[in-house]
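Here the structure is laid out as C-alpha cells; the discussion comes afterwards.
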Amino acid sequence: VSVITLTTDFGTGSPYVAAMKGVILSINPAVTLVDITHAIRPQDVRQGALVLSEVAEHFPAGTIHVVVVDPGVGTDRAIVCARIGSQCYVAPDNGLLARLARRTPPSLIVRVSEPCYWRHPVSATFHGRDVMAPVAAWLSLGLEPTRLGSSMARLTPLDWPEPVQTASRIEGQILEIDSFGNLITNITADIFASDCLDREAVVLYKGHQIVGIARTYADRPQGSRVALVGSSGRLELAVVGGSAAAEFSANIGEPVLVEWRPR
Amino acid sequence: VSVITLTTDFGTGSPYVAAMKGVILSINPAVTLVDITHAIRPQDVRQGALVLSEVAEHFPAGTIHVVVVDPGVGTDRAIVCARIGSQCYVAPDNGLLARLARRTPPSLIVRVSEPCYWRHPVSATFHGRDVMAPVAAWLSLGLEPTRLGSSMARLTPLDWPEPVQTASRIEGQILEIDSFGNLITNITADIFASDCLDREAVVLYKGHQIVGIARTYADRPQGSRVALVGSSGRLELAVVGGSAAAEFSANIGEPVLVEWRPR
Amino acid sequence: VSVITLTTDFGTGSPYVAAMKGVILSINPAVTLVDITHAIRPQDVRQGALVLSEVAEHFPAGTIHVVVVDPGVGTDRAIVCARIGSQCYVAPDNGLLARLARRTPPSLIVRVSEPCYWRHPVSATFHGRDVMAPVAAWLSLGLEPTRLGSSMARLTPLDWPEPVQTASRIEGQILEIDSFGNLITNITADIFASDCLDREAVVLYKGHQIVGIARTYADRPQGSRVALVGSSGRLELAVVGGSAAAEFSANIGEPVLVEWRPR
C-alpha cells in the first residue's frame, strides 16, 4: 500500500484539492490519500515548511508528500522531487523542503522536467494538478525519481527566524498559532531543557511574565497562563481551558523572551 | 478491511490530525481512515459526545472510533477502550462515551495502561497521537482490547441537559446549531410523537411561536419558520431556505418549550 | 477499486458527511471515498453544478459522484442516477448535473425509486444519508443503474448566466471567488482566445481597467492586478501575491466586460 499526502494553501474544502486527488487516482487507484492540511495561509511558504517538518516524520517509510504552496507557479522556479530519509517529497523549490532538509540532508534531489509523467495540457497556473499530482502518482507505482529529470545539488534555502541565545536569555518569537489559540514559538526544547534544575525559566511576552515551565495544560488552574513544551518540542504559551491567542491578542512574529532566575 | 474514524476538537485542517493518521498508517497501512469531524468546539466534551452518539451507529460493525476532546491530557484522567455494541471506542474517560453507553451498555471497558502499544516518547500534551492513535491501529490489526490494560467497571458519566416533561409541556433547550443554521434541540421525537393526533404542538422559543410540526423543510414557503423532527430524531427549528440561527440570533443552551393545543 | 466522491453543502467538518460515509462503508467497505467539497454555500445549486463540472472530469472512469445540494429534500423532486461519459452521478434532479450534461449528454438517466437499495427508515430531511449514499454504494458494487428505477428522458435544466458576446465586447460576470481571492468569471477561454494576436484585451470591472491577459500570476510584479485564463479555462481576475476579492470588494454576480484595442 502506498501513501500520498497533500499539503496546500488552497483552503479547506477547496475543489482544487479534489482535482489533484482525481488525477492521482486516475493513475494509481490503489493509493491511500491523506490530507495533511489545506489551511496553509495563502502563499506562506514558511508555514508550509513548518507543518511539513513536524508532521511528515509520523508517516510510514515510503510515503510520498506533495506540497503545493507555489506563489511562483508558471515561472522558471523548479519543481523538485527529493528523497529525505525514507520518504519522498514533490514540491516547488521555494524553501518548502528546507526545514526537513536541514535536519536530514536529502539523499537525492531531482529537478522535475520530464513531461511524459505530467498531465497535458499543462496549465500555467496549476502545476499541483498538472505536474506534481501525476508525478507523485507515478512515484507511488514505483517509478524511480531519477526518471523525472536531472539531479540537482541542493534545494533553495528558506529564510527562517532562528532564536538568539545569549548567556542570560533566549530571544525567540511566535511562529504559529494553533486552533486552540496556543502560541507556538521558534524556541525548541533542546535549547533550554538542559539547565532547568537549579534555576527557573521566566517567559516574557508582551509585558506579561510566566514563571516556570508546566508539564501539561491541566497542571494549572483554569484560566492560568502557562508556558510548556508542546508535542512538537517547541516552547508554547497557553491559557488553561482558554485561548492565549485571544487573551494576548497574539500575532505571529511577536517576540518571546526566556530568562532564568534561581529556584 | 478495517475502519478507524477520528473525531477531535483540533480544528478542520489541523495538522495535528494528520500526525495521528501518520502514526496509524505506520502501524496498519491497510486501514481505512474516516474523519467524523474535527470541528468540535475546543474542549467541548458534550458536543463530542453528541456527535459521536448520532454518527457512530452508521458505521460498519468492527469500526474503531478514536475521539480526542481531552482537556485533561497529561493528568491522571484515564484513557479507555470500550466495546459498545459491535464497535470499539478509544477516548479519554471524561464523558465522551457516556451518551453511547447510556443507549447500549458497554460489553467491555479497559483502562489503557500498557505502554508497549504506544508511541514513544509519550508527550504530556498530545495523547491523541502518542497513545490513542497507535492503540487504535493495533486494535485494527486484531489486538484484543484486554491486552491494553485492566478492565474497568464503568465509564465517567456526562452532565447532560435532559428535557423536562410535565403534563402540559416539554421544557428543552438548543443543543446544537448545524451549518445550515438549523437549531437542534435536546427534545427527541419519542417524547412527543405519540400524542399528536388530536392535538397540535406549539413550539415556543425566544417569544416566538411555531404552530405544528412540519414533515420536511420545503413543506412550507420560503422564509417560513418551521419546527420538525430532523434526521437524528430530534426536534429542530429551521427557516425554509434561510438560517434560523441568524434569524433568531440563536445560542446553544437557550430554552425551547413545546406545548399543545387541540386541533 | 471503486471510487465514490461526495460533494455537499453540509459545511466542512459536518458530521452529516460522516454519516453518509458510514452508510457507504457499511455496504461496500472496500470503496475509496474522496471529498470534492462540503463548502458549497447552503442550497446553492449553481455553485454545486459549477464545481462538479470542473472537477469530476479529473476522476477515473467508473467513479461514482454523489452530490447533495438539496433544498427540496422530502418533496416530490426526483433523485436521479445519470451516466455521463464514463462516470456515474447520484443527485437530486434540481439542476446539479445540468452543466455536466450540457457538455456530454447522459447516456442513461434513471429516477431512483426502488426502496430496496435505501437505508430504512428513510428520513424526510436527509436523503443524502438514506437514499443517495446507499444507492452509490450499491452501484460501486456493480449494481446496474437500471435496477434503481425507471429511466427518464432528460434532466432538469439549470438557470445559468451565459456571457453575452457582441462584435465589440463580451459581457460576463463573476461566477465564483476562490480561497486565494481570485475572481473567476463565466467567460471561457474559447470565446476570446482566438483573436488576440493583433489586438489586446481590456478587462473592465467596477470602474477598473486591466490591459492584456497575463500567462500566470507571477508574470507581473507583486500587487499588480492581472487578468488571466485560470486552470479551468475561465477568465479570472487576480492580484499578484494578494486577494482580488478584498481589493475590489468583489461579489458574485458583478459584471465583467472584455473589450479589445489594437496592439
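Starting from 1 in every chain, residues are counted up; chains themselves are A, B, ... following the order of the C-alpha cells, and ligands are numbered from 1 as listed.
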
Dump as a PyMOL selection string the residues of chain A that approach chain B to within 6 Å, counting only C-alpha atoms. chain A and resi 36-37+39+55+58-60+179+216+218+231

Got a sec to tell me which of segment 22-216 of chain A DSSP assigns to strand (DSSP E or B), as a ChimeraX atom specification? /A:32-37,64-68,79-84,87-92,108-111,151,164-165,169-177,183-188,199-205,208-211,214

Compare A:Arg77, A:Arg83, A:Arg147, A:Arg99 by their minimum atom-to-atom distance to Gly48 of chain A, counting only C-alpha atoms, and give me the closest one.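 Looking only at the distances to Gly48 of chain A, the closest residue turns out to be A:Arg99.
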
Polymer residues at most 10 Å from Ser168 of chain C, only C-alpha atoms, same-chain spacing of 2 or more positions, as a tab-separated table (two decimals) with all heavy atoms, in the first residue's frame:
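out04.tsv, freshly written:
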chain	number	residue	atom	x	y	z
C	165	GLN	N	-21.88	37.84	-26.06
C	165	GLN	CA	-20.80	38.26	-26.94
C	165	GLN	C	-21.36	39.13	-28.06
C	165	GLN	O	-22.27	38.72	-28.76
C	165	GLN	CB	-20.13	37.00	-27.51
C	165	GLN	CG	-18.84	37.30	-28.23
C	165	GLN	CD	-18.06	36.03	-28.50
C	165	GLN	OE1	-18.60	34.93	-28.45
C	165	GLN	NE2	-16.78	36.17	-28.80
C	166	THR	N	-20.83	40.31	-28.21
C	166	THR	CA	-21.21	41.17	-29.32
C	166	THR	C	-19.97	41.39	-30.19
C	166	THR	O	-18.90	40.86	-29.91
C	166	THR	CB	-21.73	42.53	-28.81
C	166	THR	OG1	-20.64	43.25	-28.24
C	166	THR	CG2	-22.83	42.34	-27.77
C	170	ILE	N	-17.42	41.37	-24.81
C	170	ILE	CA	-18.07	40.26	-24.11
C	170	ILE	C	-18.55	40.78	-22.77
C	170	ILE	O	-17.79	41.43	-22.04
C	170	ILE	CB	-17.09	39.09	-23.86
C	170	ILE	CG1	-16.45	38.64	-25.17
C	170	ILE	CG2	-17.79	37.93	-23.17
C	170	ILE	CD1	-15.29	37.66	-24.97
C	258	VAL	N	-15.16	42.46	-21.34
C	258	VAL	CA	-13.92	42.35	-22.09
C	258	VAL	C	-14.09	43.14	-23.39
C	258	VAL	O	-15.06	42.90	-24.13
C	258	VAL	CB	-13.56	40.89	-22.41
C	258	VAL	CG1	-12.24	40.83	-23.17
C	258	VAL	CG2	-13.47	40.06	-21.13
C	259	GLU	N	-13.20	44.07	-23.62
C	259	GLU	CA	-13.18	44.80	-24.89
C	259	GLU	C	-11.80	44.62	-25.53
C	259	GLU	O	-10.92	44.02	-24.92
C	259	GLU	CB	-13.47	46.29	-24.64
C	259	GLU	CG	-14.87	46.51	-24.06
C	259	GLU	CD	-15.19	47.97	-23.84
C	259	GLU	OE1	-14.26	48.81	-23.89
C	259	GLU	OE2	-16.37	48.28	-23.62
C	260	TRP	N	-11.61	45.13	-26.74
C	260	TRP	CA	-10.32	44.98	-27.40
C	260	TRP	C	-9.81	46.32	-27.90
C	260	TRP	O	-10.61	47.20	-28.23
C	260	TRP	CB	-10.42	44.01	-28.57
C	260	TRP	CG	-10.42	42.59	-28.12
C	260	TRP	CD1	-9.35	41.78	-27.95
C	260	TRP	CD2	-11.57	41.82	-27.78
C	260	TRP	NE1	-9.75	40.54	-27.49
C	260	TRP	CE2	-11.11	40.54	-27.39
C	260	TRP	CE3	-12.95	42.07	-27.74
C	260	TRP	CZ2	-11.96	39.52	-26.98
C	260	TRP	CZ3	-13.79	41.06	-27.34
C	260	TRP	CH2	-13.29	39.81	-26.96
C	261	ARG	N	-8.53	46.44	-27.93
C	261	ARG	CA	-7.95	47.59	-28.62
C	261	ARG	C	-6.76	47.09	-29.42
C	261	ARG	O	-6.14	46.07	-29.05
C	261	ARG	CB	-7.55	48.68	-27.62
C	261	ARG	CG	-6.45	48.25	-26.70
C	261	ARG	CD	-6.11	49.37	-25.71
C	261	ARG	NE	-4.82	49.11	-25.12
C	261	ARG	CZ	-4.38	49.74	-24.05
C	261	ARG	NH1	-5.10	50.67	-23.46
C	261	ARG	NH2	-3.19	49.46	-23.57

Can you pull out every residue from segment 10-244 of chain C that DSSP, working from the backbone, puts in helix (DSSP H, G or I), and format the result as a ChimeraX atom specification? /C:15-27,45-58,98-103,115-117,127-140,145-148,189-195,217-219,244

Which is closer to Ile184 of chain B than all the others in B:Leu108, B:Val256, B:Ile210, B:Ala201, using only C-alpha atoms?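 The closest residue to Ile184 of chain B is B:Val256.
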
Minimum-distance residue to Leu257 of chain A, chosen among A:Leu204, A:Ala244, A:Val239, A:Ala61 (using only C-alpha atoms):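 Ranked by minimum distance to Leu257 of chain A, first place goes to A:Leu204.
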
Quote the spacing between atom CA of Arg215 of chain A and atom CA of Ala227 of chain A in Å to one decimal place. 8.7 Å
